[in-house]
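Text of upload10.txt, listed as compact mmCIF, C-alpha atoms:
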```txt
# COMPACT_ATOMS: atom_id res chain seq x y z
CA MET A 1 112.47 67.44 114.48
CA ARG A 2 112.94 69.64 117.51
CA SER A 3 110.11 72.05 118.13
CA TRP A 4 112.31 75.16 118.01
CA ILE A 5 113.67 74.14 114.60
CA ARG A 6 110.17 73.47 113.35
CA ARG A 7 109.00 76.83 114.71
CA SER A 8 111.98 78.54 113.05
CA LEU A 9 111.18 76.95 109.70
CA PHE A 10 107.50 77.83 109.98
CA GLY A 11 108.49 81.33 111.08
CA ALA A 12 110.72 81.73 108.04
CA ALA A 13 107.89 80.54 105.82
CA GLY A 14 105.53 83.00 107.51
CA LEU A 15 108.01 85.81 107.02
CA ALA A 16 108.29 84.94 103.38
CA LEU A 17 104.52 85.31 103.16
CA VAL A 18 104.71 88.69 104.92
CA ALA A 19 107.41 89.81 102.54
CA ALA A 20 105.32 88.73 99.59
CA SER A 21 102.31 90.60 100.95
CA VAL A 22 104.33 93.72 101.58
CA GLY A 23 106.09 93.49 98.27
CA GLY A 24 102.85 93.58 96.34
CA CYS A 25 102.83 91.64 93.15
CA ALA A 26 106.13 90.52 91.74
CA TYR A 27 106.52 89.55 88.14
CA ARG A 28 105.55 85.93 87.59
CA HIS A 29 108.36 84.77 85.37
CA SER A 30 111.46 86.86 85.80
CA TRP A 31 112.74 90.32 86.47
CA HIS A 32 115.12 91.65 83.86
CA GLY A 33 116.34 94.62 85.80
CA ASP A 34 118.36 95.54 88.82
CA SER A 35 117.12 93.81 91.97
CA ALA A 36 117.75 96.98 94.00
CA GLU A 37 115.57 98.92 91.57
CA PHE A 38 112.88 96.24 91.76
CA ARG A 39 112.97 96.28 95.58
CA ALA A 40 112.70 100.08 95.58
CA LYS A 41 109.62 99.90 93.33
CA MET A 42 108.00 97.27 95.52
CA VAL A 43 108.73 99.28 98.67
CA GLU A 44 107.23 102.35 97.01
CA ARG A 45 104.15 100.44 95.89
CA ALA A 46 103.59 98.93 99.35
CA SER A 47 104.21 102.34 100.94
CA ASP A 48 101.48 103.85 98.78
CA LYS A 49 98.99 101.05 99.45
CA LEU A 50 99.60 101.11 103.19
CA ASP A 51 99.97 104.90 103.43
CA LEU A 52 103.28 104.60 105.28
CA ASP A 53 105.05 107.52 106.89
CA ALA A 54 108.80 108.06 106.36
CA ALA A 55 109.86 106.01 109.41
CA GLN A 56 107.61 103.09 108.45
CA LYS A 57 108.86 103.24 104.87
CA GLN A 58 112.44 103.03 106.14
CA LYS A 59 111.56 99.97 108.25
CA LEU A 60 109.97 98.37 105.19
CA ALA A 61 113.13 99.05 103.17
CA VAL A 62 115.22 97.37 105.88
CA LEU A 63 112.89 94.36 105.80
CA ALA A 64 113.16 94.17 102.01
CA ASP A 65 116.96 94.30 102.24
CA LYS A 66 117.03 91.55 104.88
CA MET A 67 114.70 89.37 102.80
CA GLN A 68 116.89 89.88 99.72
CA ALA A 69 120.00 88.95 101.71
CA GLN A 70 118.19 85.82 102.95
CA ARG A 71 117.21 84.86 99.38
CA GLU A 72 120.81 85.32 98.24
CA ALA A 73 122.06 83.21 101.13
CA LEU A 74 119.60 80.46 100.20
CA ARG A 75 120.77 80.54 96.59
CA GLY A 76 124.34 80.17 97.77
CA GLY A 77 125.69 81.96 94.70
CA ASN A 78 124.61 79.05 92.48
CA ASP A 79 121.62 78.16 90.36
CA PRO A 80 119.34 76.25 92.77
CA ARG A 81 117.61 74.44 89.92
CA ALA A 82 120.93 73.24 88.55
CA GLN A 83 121.91 72.03 92.02
CA PHE A 84 118.63 70.13 92.30
CA ARG A 85 118.91 68.65 88.78
CA GLN A 86 122.45 67.51 89.59
CA LEU A 87 121.01 65.23 92.29
CA PHE A 88 119.21 63.29 89.54
CA ALA A 89 122.02 63.34 86.97
CA GLY A 90 123.19 59.79 87.59
CA ASP A 91 121.37 56.50 87.45
CA LYS A 92 120.64 56.85 91.18
CA LEU A 93 119.64 59.79 93.32
CA ASP A 94 122.65 61.41 94.97
CA GLN A 95 121.43 60.96 98.54
CA ALA A 96 124.57 62.40 100.12
CA GLY A 97 124.35 65.42 97.82
CA ALA A 98 120.68 65.87 98.69
CA ALA A 99 121.50 65.76 102.40
CA ARG A 100 124.30 68.32 101.91
CA LEU A 101 121.97 70.59 99.94
CA ILE A 102 119.32 70.42 102.67
CA ASP A 103 121.94 71.07 105.34
CA GLU A 104 123.23 74.11 103.43
CA LYS A 105 119.75 75.55 102.94
CA THR A 106 118.75 74.86 106.54
CA ALA A 107 121.91 76.53 107.81
CA ALA A 108 121.21 79.57 105.61
CA VAL A 109 117.65 79.83 106.95
CA LYS A 110 118.80 79.43 110.55
CA SER A 111 121.58 82.00 110.27
CA GLY A 112 119.53 84.67 108.51
CA SER A 113 116.16 84.17 110.17
CA PRO A 114 116.79 86.16 113.36
CA GLU A 115 117.57 89.31 111.34
CA VAL A 116 114.58 88.80 109.05
CA ILE A 117 112.27 88.14 112.01
CA ALA A 118 113.54 91.23 113.83
CA ALA A 119 113.11 93.41 110.73
CA ALA A 120 109.61 92.02 110.09
CA ALA A 121 108.61 92.59 113.70
CA ASP A 122 110.07 96.10 113.70
CA PHE A 123 108.11 96.94 110.55
CA PHE A 124 104.80 95.26 111.45
CA ASP A 125 104.80 96.32 115.11
CA ASN A 126 105.21 99.96 114.07
CA LEU A 127 102.20 99.97 111.77
CA ARG A 128 98.96 101.56 112.86
CA PRO A 129 96.13 99.05 113.51
CA GLU A 130 94.40 99.90 110.21
CA GLN A 131 97.68 99.34 108.33
CA GLN A 132 98.19 96.01 110.08
CA GLN A 133 94.66 95.04 109.04
CA LYS A 134 95.46 95.88 105.40
CA VAL A 135 98.48 93.57 105.56
CA ARG A 136 96.32 90.78 107.02
CA GLU A 137 93.65 91.28 104.36
CA PHE A 138 96.25 91.19 101.61
CA MET A 139 97.69 87.95 102.99
CA ASP A 140 94.17 86.46 103.15
CA ARG A 141 93.41 87.46 99.55
CA ARG A 142 96.82 86.35 98.32
CA GLY A 143 96.53 82.95 100.01
CA ARG A 144 93.02 82.23 98.77
CA GLY A 145 93.73 83.46 95.27
CA HIS A 146 96.93 81.46 94.89
CA TRP A 147 95.49 78.17 96.07
CA GLY A 148 92.17 78.79 94.37
CA ARG A 149 93.81 79.07 90.95
CA HIS A 150 96.14 76.11 91.24
CA GLY A 151 94.65 73.74 93.75
```

Could you write out this file's structure as structure tokens?
Amino acid sequence: MRSWIRRSLFGAAGLALVAASVGGCAYRHSWHGDSAEFRAKMVERASDKLDLDAAQKQKLAVLADKMQAQREALRGGNDPRAQFRQLFAGDKLDQAGAARLIDEKTAAVKSGSPEVIAAAADFFDNLRPEQQQKVREFMDRRGRGHWGRHG
């Protein structure tokens, strides 16, 4: 795989981690409310924990919106689990379908990543050093806790 594609994919994964750290703790199973309302609550929670000013809070809201748009693009308007199960519906794996699914998801990541990266950079770069450190500490705790429980 070309190095710029690999870097883009790793960058998208890193941004997902940043979004998770900024978003605080999402519900584990499902959210039965409006996604805009949920995003607003997560932005408010992160704003309180990081002691964000109004401009920083606005940048965080833009990042949350870009991440949500990226998630929706990855879903493609369909149930991703159903799409994945469909690959195994026959007596043989639908290899062409799997390749199409990967191509669709890769295209969605590639097309949306520049906006997500720019929004993440705009948010993170405008944090004070102590706020940036809080984000790093949260990511460290989140990473250790997640893998420690399941791995």

All residues 7 Å or closer to stretch 58-70 of chain A, all atoms listed in the file, same chain fewer than 3 positions away omitted, as a PyMOL selection string: chain A and resi 39+43+54-55+73-74+112+115-116+119-120+122-123

In Å, rounded to a single decimal, give me how far atom CA of A:Glu72 is from atom CA of A:Arg85. 19.3 Å

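Between atom CA of A:Pro80 and atom CA of A:Ala98 lies a distance of 12.0 Å.
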
Work out how far atom CA of A:Glu44 is from atom CA of A:Glu130, in Å to one decimal.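 Here the two named atoms are 18.6 Å from each other.
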
Can you list, as a JSON list (two decimals) with C-alpha atoms, in the coordinates of the input, every protein, DNA or RNA residue that comes within 9 Å of A:Ser47 when you count only C-alpha atoms, leaving out same-chain residues fewer than 4 positions away?
```json
[["chain", "number", "residue", "atom", "x", "y", "z"],
["A", 22, "VAL", "CA", 104.33, 93.72, 101.58],
["A", 42, "MET", "CA", 108.00, 97.27, 95.52],
["A", 43, "VAL", "CA", 108.73, 99.28, 98.67],
["A", 51, "ASP", "CA", 99.97, 104.90, 103.43],
["A", 52, "LEU", "CA", 103.28, 104.60, 105.28],
["A", 53, "ASP", "CA", 105.05, 107.52, 106.89],
["A", 56, "GLN", "CA", 107.61, 103.09, 108.45],
["A", 57, "LYS", "CA", 108.86, 103.24, 104.87],
["A", 60, "LEU", "CA", 109.97, 98.37, 105.19]]
```
